[in-house]
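Here's the structure, in structure tokens; my notes come after.
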Amino acid sequence: KKEQLDLLLSTLPKDQWDNPPEDSALYALKCYAEVYGKGKATKMGWWDYWYMKQTLPTQGEIFDLVAIEEDYQKQREEMRTGSKAAYFPVFIDFIDSGIQTKWRGPEPFAGDQCYAPLPDSGFGKQYVKNLAFYRDGLQPWQRGLEIGMAHGYFIIGPFVSLGPLRNTPEAATVGLLCGCVLIGMISIGGLIFGVTEGKTNGKVKRFDRPGD
């Protein structure tokens with residue numbers, strides 16, 4: 001089609017039309033034009049036809065040089081400022097939310113300084129800080145009790161619903177006993193870990209704060 005050919009020509013400067021780069025779609029079109037046509041091969045093989053359809057971009061995939069340059073400048077600006085537009089998924093497409101998210105930290109070349117919307121936001125940090133594992137002012141047994149109460153309900157359920165005795169009246173009792181055994185095994189493992197890891201000033205070394 002003439003419209004598609006005009007768009008292909010617009011992707012390259014005029015002085016490259018006769019000898020386009022090999023990685024361009026215009027080069028693929030030129031190769032087919034040199035093989036097939038009037039006075040040349042008149043019948044295209046199925047493989048060449050399929051490969052041509054896969055290689056040549058559709059009309060919706062071809063952009064003019066102005067659009068390519070604008071997209072390039074936009075990407076450079078995002079890399080310079082360390083911000084990125086947030087997109088929301090809608091069915092099989094994405095829409096621009098108009099929100100700019102900051103993904104780079106204070107040090108531009110530090111890979112571990114990349115920010116993420118959830119863990120680095122104020123809400124995410126406050127949520128993690130309020131978890132029993134990180135909350136200040138709790139004794140070890142208080143942390144264990146709170147974590148156990150929060151997750152203990154999910155331990156018995158699989159044994160009751162998926163265990164070999166799930167269809168018997170004793171399913172709930174067996175599930176409770178299995179949950180108790182599992183907690184006991186985890187507790188013994190935690191005690192062994194604490195003993196072998198060693199302590200400094202009454203604290204486990206692995207969880208000491210920087211400077212202790």
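If you're wondering about the labels, chains in the structure tokens are A, B, ... by order shown, residues count from 1 in each chain, ligands from 1 in order shown.
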List the spatial neighbours of region 84-90 of chain A as a PyMOL selection string - criterion: any atom at most 12 Å away, only C-alpha atoms, same-chain residues fewer than 6 positions off excluded. chain A and resi 74-78+96-104+115-117
Restricted to C-alpha atoms, what would the selected residues look like written as an mmCIF file, in the first residue's frame?
```
data_model
loop_
_atom_site.group_PDB
_atom_site.id
_atom_site.type_symbol
_atom_site.label_atom_id
_atom_site.label_comp_id
_atom_site.auth_asym_id
_atom_site.auth_seq_id
_atom_site.Cartn_x
_atom_site.Cartn_y
_atom_site.Cartn_z
ATOM 1 C CA LYS A 74 10.973 11.514 26.750
ATOM 2 C CA GLN A 75 13.006 8.448 27.704
ATOM 3 C CA ARG A 76 16.131 10.575 28.206
ATOM 4 C CA GLU A 77 14.210 12.950 30.471
ATOM 5 C CA GLU A 78 12.886 10.039 32.535
ATOM 6 C CA ASP A 96 -1.514 6.534 31.535
ATOM 7 C CA SER A 97 -2.575 7.537 35.036
ATOM 8 C CA GLY A 98 -0.829 10.888 34.855
ATOM 9 C CA ILE A 99 1.141 10.019 38.018
ATOM 10 C CA GLN A 100 4.934 10.273 38.014
ATOM 11 C CA THR A 101 6.626 7.728 40.289
ATOM 12 C CA LYS A 102 10.142 8.251 41.615
ATOM 13 C CA TRP A 103 12.165 5.090 41.024
ATOM 14 C CA ARG A 104 15.707 6.347 41.643
ATOM 15 C CA TYR A 115 12.580 2.870 44.810
ATOM 16 C CA ALA A 116 9.353 0.917 44.452
ATOM 17 C CA PRO A 117 5.860 2.394 44.971
#
```
How would you write, as an NGL selection string, the set of residues in chain A that DSSP gives as strand (DSSP E)? :A and (83-90 or 93-102 or 199-200 or 203-204)
Surrounding residues of region 172-175 of chain A excluding itself and chain neighbours under 6 positions, 8 Å, only C-alpha atoms, as a VMD selection string: chain A and resid 156 to 160 163 165
Just to be explicit: take each residue in the selection above, keep all heavy atoms, and write the result as a PDB file, in the first residue's frame.
```
ATOM      1  N   ILE A 156      -3.706 -25.285  60.869  1.00  0.00           N
ATOM      2  CA  ILE A 156      -4.587 -26.424  61.104  1.00  0.00           C
ATOM      3  C   ILE A 156      -5.454 -26.708  59.878  1.00  0.00           C
ATOM      4  O   ILE A 156      -5.751 -27.863  59.561  1.00  0.00           O
ATOM      5  CB  ILE A 156      -5.465 -26.168  62.348  1.00  0.00           C
ATOM      6  CG1 ILE A 156      -4.571 -25.944  63.572  1.00  0.00           C
ATOM      7  CG2 ILE A 156      -6.413 -27.321  62.589  1.00  0.00           C
ATOM      8  CD1 ILE A 156      -5.339 -25.583  64.823  1.00  0.00           C
ATOM      9  N   GLY A 157      -5.855 -25.669  59.176  1.00  0.00           N
ATOM     10  CA  GLY A 157      -6.790 -25.829  58.057  1.00  0.00           C
ATOM     11  C   GLY A 157      -6.370 -26.847  57.019  1.00  0.00           C
ATOM     12  O   GLY A 157      -7.166 -27.733  56.664  1.00  0.00           O
ATOM     13  N   PRO A 158      -5.139 -26.781  56.476  1.00  0.00           N
ATOM     14  CA  PRO A 158      -4.751 -27.770  55.462  1.00  0.00           C
ATOM     15  C   PRO A 158      -4.788 -29.208  55.969  1.00  0.00           C
ATOM     16  O   PRO A 158      -5.149 -30.115  55.211  1.00  0.00           O
ATOM     17  CB  PRO A 158      -3.322 -27.344  55.104  1.00  0.00           C
ATOM     18  CG  PRO A 158      -3.272 -25.888  55.425  1.00  0.00           C
ATOM     19  CD  PRO A 158      -4.140 -25.709  56.617  1.00  0.00           C
ATOM     20  N   PHE A 159      -4.411 -29.418  57.235  1.00  0.00           N
ATOM     21  CA  PHE A 159      -4.467 -30.779  57.773  1.00  0.00           C
ATOM     22  C   PHE A 159      -5.907 -31.277  57.864  1.00  0.00           C
ATOM     23  O   PHE A 159      -6.184 -32.451  57.624  1.00  0.00           O
ATOM     24  CB  PHE A 159      -3.806 -30.828  59.154  1.00  0.00           C
ATOM     25  CG  PHE A 159      -2.321 -30.623  59.121  1.00  0.00           C
ATOM     26  CD1 PHE A 159      -1.764 -29.473  59.654  1.00  0.00           C
ATOM     27  CD2 PHE A 159      -1.483 -31.570  58.571  1.00  0.00           C
ATOM     28  CE1 PHE A 159      -0.395 -29.278  59.633  1.00  0.00           C
ATOM     29  CE2 PHE A 159      -0.111 -31.378  58.542  1.00  0.00           C
ATOM     30  CZ  PHE A 159       0.437 -30.226  59.081  1.00  0.00           C
ATOM     31  N   VAL A 160      -6.831 -30.380  58.229  1.00  0.00           N
ATOM     32  CA  VAL A 160      -8.230 -30.781  58.372  1.00  0.00           C
ATOM     33  C   VAL A 160      -8.873 -31.005  57.009  1.00  0.00           C
ATOM     34  O   VAL A 160      -9.601 -31.991  56.798  1.00  0.00           O
ATOM     35  CB  VAL A 160      -9.001 -29.719  59.169  1.00  0.00           C
ATOM     36  CG1 VAL A 160     -10.485 -30.076  59.249  1.00  0.00           C
ATOM     37  CG2 VAL A 160      -8.427 -29.584  60.576  1.00  0.00           C
ATOM     38  N   GLY A 163      -6.024 -33.490  54.656  1.00  0.00           N
ATOM     39  CA  GLY A 163      -5.363 -34.654  55.238  1.00  0.00           C
ATOM     40  C   GLY A 163      -6.040 -35.957  54.860  1.00  0.00           C
ATOM     41  O   GLY A 163      -7.159 -35.975  54.324  1.00  0.00           O
ATOM     42  N   LEU A 165      -7.470 -38.061  56.712  1.00  0.00           N
ATOM     43  CA  LEU A 165      -8.674 -38.314  57.520  1.00  0.00           C
ATOM     44  C   LEU A 165      -9.697 -37.185  57.379  1.00  0.00           C
ATOM     45  O   LEU A 165     -10.503 -36.967  58.281  1.00  0.00           O
ATOM     46  CB  LEU A 165      -8.278 -38.478  58.998  1.00  0.00           C
ATOM     47  CG  LEU A 165      -7.296 -39.617  59.308  1.00  0.00           C
ATOM     48  CD1 LEU A 165      -6.950 -39.622  60.786  1.00  0.00           C
ATOM     49  CD2 LEU A 165      -7.893 -40.963  58.896  1.00  0.00           C
TER      50      LEU A 165
END
```
Do you know which residues are at most 8 Å from Leu26 (chain A) counting only C-alpha atoms, after dropping those on the same chain fewer than 4 positions away, and could you put them as a PDB file with C-alpha atoms, in the first residue's frame?
```
ATOM      1  CA  LEU A   8       8.420   3.278   5.755  1.00  0.00           C
ATOM      2  CA  LEU A   9      10.228   5.966   3.794  1.00  0.00           C
ATOM      3  CA  TRP A  17      16.366   5.229   0.617  1.00  0.00           C
ATOM      4  CA  PRO A  20      18.778   1.407   3.667  1.00  0.00           C
ATOM      5  CA  LYS A  30      13.788  -3.767  -0.937  1.00  0.00           C
TER       6      LYS A  30
END
```
How far is it from CA of Cys178 (chain A) to CA of Tyr134 (chain A), in Å with one decimal? 29.1 Å
Do you know which residues are at most 10 Å from region 50-55 of chain A counting only C-alpha atoms, after dropping those on the same chain fewer than 3 positions away, and could you put them as number ranges by chain? A: 24-25, 28-29, 32, 44-47, 58
Using DSSP on the backbone coordinates, identify all residues within chain A classified as alpha helix (DSSP H); present the result as a PyMOL selection string. chain A and resi 2-10+25-35+46-55+65-81+122-129+140-151+153-162+171-197
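Here CA of Leu182 (chain A) is placed at a distance of 12.5 Å from CA of His151 (chain A).
Between CA of Phe133 (chain A) and CA of Cys114 (chain A) the interatomic distance comes to 24.1 Å.
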